[in-house]
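**Q** So that we are looking at the same thing, I have put the structure below in structure tokens.
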Amino acid sequence: NFLQNIGTKRTLLKGISEKISTLVDGNGSSKTVSALKTNMLKIRLVKDDDAQNIYEWRNHPYIRNNSQNSEVISWTDHQKWFKERLSGKHGPLLIGEVNHLPIGVVRFDVHQSDAEVSIYRVPGTGSKGWGSLLLKKSEFWLKQQYPQVLNLRAKVLPDNTRSINLFEKLNYIAKAHTSPMVFEKLMERCQ
């Protein structure tokens, strides 16, 4: 009976409409997608059997063109570097996965209370749109595992607009407009 008569009571209907509009922001679908993606993305430490993949991804032309060192890394040099990374003494090397498929790599080089961050998406996976969530969840992982880290720093080539946009989106502040550009963020700003 109430629902049948609600259409005839304009003042009541307007009041209900105004009350509901204060409870929602119109971004429900994007929030739902974001929550689903957050639950889908898993962050893990690299393992021994990731060595070949990391080697191939790092030597992909797109990744090399956006790296400070654009040279092809030899398998011998990679194996030595990878073994050191597995030891954890320089900081974590993380892989982000969706449905057990790798979509990106995040490296933190930890030096006392500072960490330099490096990130790339796995080439050819169609993982577009996951970069900010990958970095955000990796920062959260770092905060839990390395509580002594207070500052994050990233170095980005000036023509790498995707990375510049990514770091700016996640509240990194440009500190040096050199080549490479330097971005910094306090860990307390990590959500």
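Each chain of the structure tokens is named A, B, ... in the order shown, its residues numbered from 1; ligands are numbered from 1 in display order.
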Please return, as a ChimeraX atom specification, all residues of stretch 34-80 of chain A that DSSP assigns to strand (DSSP E) on the basis of the backbone.
**A** /A:41-45
**Q** Need the shell around stretch 49-63 of chain A: protein/DNA/RNA residues with any atom at most 12 Å away, counting only C-alpha atoms. Skip same-chain ones fewer than 4 positions apart. Format as an MDAnalysis selection string?
**A** chainID A and resid 44:45 67:86 93:95 101:107 118:125 157 160 163
**Q** Residues near stretch 131-148 of chain A, anyone? I mean within 8 Å using only C-alpha atoms, not counting same-chain ones fewer than 2 positions away, as a PyMOL selection string.
**A** chain A and resi 38+41+43+94+96+104+106+112-113+119-121+128-129+150+166+169-170+187+190-191
**Q** What's the separation between atom CA of A:Lys175 and atom CA of A:Trp130, in Å to one decimal place?
**A** 25.2 Å
**Q** Find the spatial neighbours of A:Ile173, counting only C-alpha atoms, within a cut-off of 8 Å - ignore same-chain residues fewer than 2 positions away - and output them as JSON, numbers by chain.
**A** {"A": [167, 168, 171, 175, 183, 184, 185]}
**Q** With N, CA and C atoms retained, export the selected residues as a compact mmCIF listing (two decimals), in the first residue's frame.
**A**
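To be explicit, this is the file written out as again39.txt:
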```txt
# COMPACT_ATOMS: atom_id res chain seq x y z
N PHE A 167 53.08 7.18 -11.12
CA PHE A 167 53.63 7.64 -9.85
C PHE A 167 52.88 8.87 -9.34
N GLU A 168 52.52 9.78 -10.23
CA GLU A 168 51.75 10.95 -9.79
C GLU A 168 50.39 10.54 -9.25
N ASN A 171 50.46 9.52 -5.63
CA ASN A 171 50.95 10.55 -4.69
C ASN A 171 52.47 10.64 -4.56
N LYS A 175 60.66 15.39 -7.58
CA LYS A 175 61.66 16.14 -6.83
C LYS A 175 62.76 16.67 -7.73
N PHE A 183 61.05 10.83 -8.36
CA PHE A 183 59.78 10.97 -7.64
C PHE A 183 59.96 10.40 -6.25
N GLU A 184 59.32 11.04 -5.26
CA GLU A 184 59.42 10.56 -3.88
C GLU A 184 58.05 10.51 -3.24
N LYS A 185 57.95 9.62 -2.26
CA LYS A 185 56.69 9.45 -1.53
C LYS A 185 56.99 8.99 -0.12
```
